[in-house]
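Reviewing the structure listed below.
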Amino acid sequence: MPGYDPERLNKFPQLTETQSKQLQEASLRYPLESFLMNYRNVEEIGIDFVYSSAKLEGNTYSKVDTINLLKMGITAGGKLYSDAQMILNLRDAYNFVLTSKDKAIDRYFIMDVHSILAKDLLPAANCGAPREDLVRISGTDYSPPVGRDYLNEELKYLLEVAGTIKNPFERAIYLKLNLCYLQYFQDINKRTARMVQTFSLLGNGEMPLLAGYVKSSGYIEAILEYYNTGSYVPYLSWFVSSYRQMVKSLTDSPTITKSRSVDLRNNNN
């Protein structure tokens, strides 16, 4: 059973020259400002992001169920309360990261994100708090570290290393995979890491990756590969492919430019 290797935190993801060029071209093709000023895209892409993120966790809400819940507040009959709560929490976390551009990525920010995602899904004492117990991860024999003090030390070091990575995409990917690897919280680590990856790119003026999170896309396989071997290669490949596809989809579709504050909660269009 592979155990936690602290040396993983010293290894950076390294995009190939081709991958770096592809991301740069995609980023220039659809800059962050274009996204944030297009309220319809913020809303619709946010719904897709929430839906796919929930689906990864086994949520039973369909896309129509998700739209009805987020736009009209209608829960799906015969579904678990926890499924609706997960979707609402993902929506709230999405809003939070989009409207927190002046915040730094520190332990308290990550704890805040987790608290939003874990609301009414975990006991209140576990929301935003480092875990004390051993956890298992489906699909891998990897055994994460245990102990609040040790987890706090490792998270502090992880964030220090992330701050030294100049390439914004490599920094976001480093945060994403190593927050997953550390398993700082009792549960909801991958969702938290996904939101932190999103916020990291936003904070560096880059359009975040908000698409491609589906079971058949290779995303889960890339995460498991990192748990098992520490290789960034599968996730880098998946990320670049998904990012380019997302930008192509956005730029091939008609856009509506409308400046308005970003908040999915009060819009029923």
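Please note that chains go A, B, ... in the order of the structure tokens, that every chain numbers its residues from 1, and that ligands are numbered from 1 in the order shown.
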List the neighbours of region 105-115 of chain A out to 6 Å using only C-alpha atoms; skip same-chain residues closer than 6 positions along the sequence, and give me the result as a PyMOL selection string.
-> chain A and resi 127-128+192
For the selection just defined, write its residues with all heavy atoms to a file, as a CSV table (one decimal), in the first residue's frame.
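Writing done, so here's result30.csv:
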chain,number,residue,atom,x,y,z
A,127,CYS,N,-16.3,20.7,9.1
A,127,CYS,CA,-16.4,21.7,8.0
A,127,CYS,C,-15.2,22.7,8.1
A,127,CYS,O,-15.1,23.4,9.1
A,127,CYS,CB,-17.7,22.4,8.0
A,127,CYS,SG,-19.1,21.4,7.6
A,128,GLY,N,-14.3,22.6,7.2
A,128,GLY,CA,-13.1,23.5,7.2
A,128,GLY,C,-12.1,23.2,8.2
A,128,GLY,O,-11.2,23.9,8.5
A,192,THR,N,-12.9,20.6,-3.2
A,192,THR,CA,-12.2,21.7,-2.7
A,192,THR,C,-11.0,22.0,-3.6
A,192,THR,O,-10.8,23.2,-4.0
A,192,THR,CB,-11.7,21.5,-1.3
A,192,THR,OG1,-12.9,21.2,-0.5
A,192,THR,CG2,-11.0,22.7,-0.7
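With only C-alpha atoms taken into account, the protein and nucleic acid residues at most 7 Å from Tyr142 (chain A) (excluding it and anything under 6 positions from it in its own chain) are Met1, Pro2, Gly3, Tyr227 and Asn228 of chain A.
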Can you list, as an mmCIF file with N, CA and C atoms, in the first residue's frame, every protein, DNA or RNA residue that comes within 12 Å of Arg171 (chain A) when you count only C-alpha atoms, leaving out same-chain residues fewer than 4 positions away?
data_model
loop_
_atom_site.group_PDB
_atom_site.id
_atom_site.type_symbol
_atom_site.label_atom_id
_atom_site.label_comp_id
_atom_site.auth_asym_id
_atom_site.auth_seq_id
_atom_site.Cartn_x
_atom_site.Cartn_y
_atom_site.Cartn_z
ATOM 1 N N LEU A 9 5.771 17.105 -2.821
ATOM 2 C CA LEU A 9 5.498 18.547 -2.785
ATOM 3 C C LEU A 9 6.639 19.363 -3.374
ATOM 4 N N LYS A 11 8.128 18.561 -6.208
ATOM 5 C CA LYS A 11 8.168 18.340 -7.655
ATOM 6 C C LYS A 11 7.069 19.146 -8.335
ATOM 7 N N PHE A 12 7.443 19.960 -9.304
ATOM 8 C CA PHE A 12 6.490 20.821 -10.001
ATOM 9 C C PHE A 12 5.963 20.135 -11.259
ATOM 10 N N PRO A 13 4.727 20.440 -11.641
ATOM 11 C CA PRO A 13 4.264 20.017 -12.971
ATOM 12 C C PRO A 13 5.008 20.827 -14.021
ATOM 13 N N GLN A 14 5.374 20.205 -15.100
ATOM 14 C CA GLN A 14 6.103 20.910 -16.159
ATOM 15 C C GLN A 14 5.415 20.679 -17.497
ATOM 16 N N LEU A 15 4.797 21.730 -17.993
ATOM 17 C CA LEU A 15 4.191 21.671 -19.317
ATOM 18 C C LEU A 15 5.273 21.583 -20.377
ATOM 19 N N ILE A 105 -4.514 32.769 -1.552
ATOM 20 C CA ILE A 105 -4.716 31.335 -1.339
ATOM 21 C C ILE A 105 -3.883 30.924 -0.135
ATOM 22 N N LEU A 158 3.042 23.119 1.243
ATOM 23 C CA LEU A 158 2.439 23.028 -0.093
ATOM 24 C C LEU A 158 2.149 24.427 -0.648
ATOM 25 N N LEU A 159 1.569 25.278 0.167
ATOM 26 C CA LEU A 159 1.217 26.632 -0.276
ATOM 27 C C LEU A 159 2.465 27.490 -0.501
ATOM 28 N N GLU A 160 3.492 27.272 0.303
ATOM 29 C CA GLU A 160 4.745 28.006 0.098
ATOM 30 C C GLU A 160 5.371 27.634 -1.239
ATOM 31 N N VAL A 161 5.382 26.345 -1.535
ATOM 32 C CA VAL A 161 5.943 25.896 -2.811
ATOM 33 C C VAL A 161 5.108 26.426 -3.971
ATOM 34 N N ALA A 162 3.797 26.363 -3.859
ATOM 35 C CA ALA A 162 2.930 26.864 -4.927
ATOM 36 C C ALA A 162 3.228 28.322 -5.233
ATOM 37 N N GLY A 163 3.539 29.092 -4.201
ATOM 38 C CA GLY A 163 3.830 30.511 -4.394
ATOM 39 C C GLY A 163 5.101 30.776 -5.175
ATOM 40 N N THR A 164 5.956 29.773 -5.327
ATOM 41 C CA THR A 164 7.202 29.951 -6.085
ATOM 42 C C THR A 164 7.057 29.576 -7.559
ATOM 43 N N ILE A 165 5.926 28.993 -7.936
ATOM 44 C CA ILE A 165 5.719 28.533 -9.312
ATOM 45 C C ILE A 165 5.203 29.699 -10.150
ATOM 46 N N LYS A 166 5.958 30.086 -11.150
ATOM 47 C CA LYS A 166 5.639 31.297 -11.921
ATOM 48 C C LYS A 166 4.538 31.069 -12.960
ATOM 49 N N ASN A 167 4.564 29.936 -13.626
ATOM 50 C CA ASN A 167 3.559 29.679 -14.654
ATOM 51 C C ASN A 167 2.199 29.485 -13.989
ATOM 52 N N LEU A 175 -1.449 22.952 -7.208
ATOM 53 C CA LEU A 175 -2.383 23.064 -6.089
ATOM 54 C C LEU A 175 -3.463 21.988 -6.163
ATOM 55 N N LYS A 176 -4.014 21.819 -7.323
ATOM 56 C CA LYS A 176 -5.099 20.855 -7.509
ATOM 57 C C LYS A 176 -4.679 19.443 -7.109
ATOM 58 N N LEU A 177 -3.598 18.963 -7.692
ATOM 59 C CA LEU A 177 -3.212 17.577 -7.476
ATOM 60 C C LEU A 177 -2.682 17.335 -6.067
ATOM 61 N N ASN A 178 -1.960 18.290 -5.520
ATOM 62 C CA ASN A 178 -1.388 18.051 -4.200
ATOM 63 C C ASN A 178 -2.383 18.276 -3.068
ATOM 64 N N VAL A 196 -10.102 25.440 -5.779
ATOM 65 C CA VAL A 196 -8.848 26.171 -5.577
ATOM 66 C C VAL A 196 -8.094 26.305 -6.896
ATOM 67 N N GLN A 197 -8.105 25.269 -7.714
ATOM 68 C CA GLN A 197 -7.497 25.368 -9.047
ATOM 69 C C GLN A 197 -8.171 26.483 -9.846
ATOM 70 N N THR A 198 -9.492 26.531 -9.783
ATOM 71 C CA THR A 198 -10.258 27.577 -10.472
ATOM 72 C C THR A 198 -9.866 28.951 -9.971
ATOM 73 N N PHE A 199 -9.807 29.111 -8.653
ATOM 74 C CA PHE A 199 -9.486 30.409 -8.068
ATOM 75 C C PHE A 199 -8.047 30.819 -8.387
ATOM 76 N N SER A 200 -7.135 29.879 -8.388
ATOM 77 C CA SER A 200 -5.736 30.189 -8.681
ATOM 78 C C SER A 200 -5.593 30.801 -10.072
ATOM 79 N N LEU A 201 -6.279 30.233 -11.048
ATOM 80 C CA LEU A 201 -6.220 30.773 -12.403
ATOM 81 C C LEU A 201 -6.902 32.142 -12.473
ATOM 82 N N LEU A 202 -8.033 32.282 -11.827
ATOM 83 C CA LEU A 202 -8.717 33.573 -11.786
ATOM 84 C C LEU A 202 -7.812 34.644 -11.195
ATOM 85 N N GLY A 203 -7.144 34.305 -10.105
ATOM 86 C CA GLY A 203 -6.287 35.258 -9.422
ATOM 87 C C GLY A 203 -5.090 35.690 -10.242
ATOM 88 N N ASN A 204 -4.735 34.865 -11.228
ATOM 89 C CA ASN A 204 -3.619 35.204 -12.105
ATOM 90 C C ASN A 204 -4.090 35.738 -13.452
ATOM 91 N N GLU A 206 -6.244 34.482 -15.589
ATOM 92 C CA GLU A 206 -6.463 33.493 -16.639
ATOM 93 C C GLU A 206 -7.870 32.923 -16.550
ATOM 94 N N LEU A 236 -1.692 16.733 -16.928
ATOM 95 C CA LEU A 236 -1.309 17.826 -17.822
ATOM 96 C C LEU A 236 -1.935 17.635 -19.197
#
Pull the alpha helix (DSSP H) assignments for region 12-258 of chain A out of DSSP run on the backbone, and list those residues as a PyMOL selection string.
-> chain A and resi 17-29+32-36+39-56+63-72+81-98+107-118+148-162+168-182+189-203+219-229+233-252
Using only C-alpha atoms, which of A:Ser62, A:Ser53, A:Ser217, A:Asn68 sits nearest Asn89 (chain A)?
-> A:Ser53
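The smallest atom-to-atom distance between Val97 (chain A) and any of A:Val214, A:Ile74, A:Val247, A:Leu117, using only C-alpha atoms, is found for A:Leu117.
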Skipping near chain neighbours, those fewer than 3 positions away, what residues fall within 12 Å of Ser138 (chain A) using only C-alpha atoms, listed as number ranges by chain?
-> A: 57, 135, 141-143, 220-221, 223-224, 227
For Ile47 (chain A), which of A:Ala125, A:Tyr4, A:Pro145, A:Ala211 is the closest residue, counting only C-alpha atoms?
-> A:Ala211
Considering only C-alpha atoms, return as a ChimeraX atom specification whatever protein or nucleic-acid residues lie within 8 Å of Ile45 (chain A), sequence-local ones (same chain, fewer than 4 positions apart) excluded.
-> /A:41,49,210-211
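CA of Asn59 (chain A) is positioned 24.2 Å from CA of Leu134 (chain A).
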For Tyr94 (chain A): contacts at 8 Å, only C-alpha atoms, fewer than 4 positions along chain excluded, given as a ChimeraX atom specification | /A:46,50,90,98,195
Rounded to one decimal place, report the CA of Leu151 (chain A)-CA of Glu132 (chain A) distance in Å.
-> 9.1 Å
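One distance worth recording is that between CA of Lys21 (chain A) and CA of Gly212 (chain A), which is 19.9 Å.
Shortest atom-to-atom contact with Arg244 (chain A) among A:Arg8, A:Arg131, A:Leu23, A:Pro168: A:Leu23, counting only C-alpha atoms.
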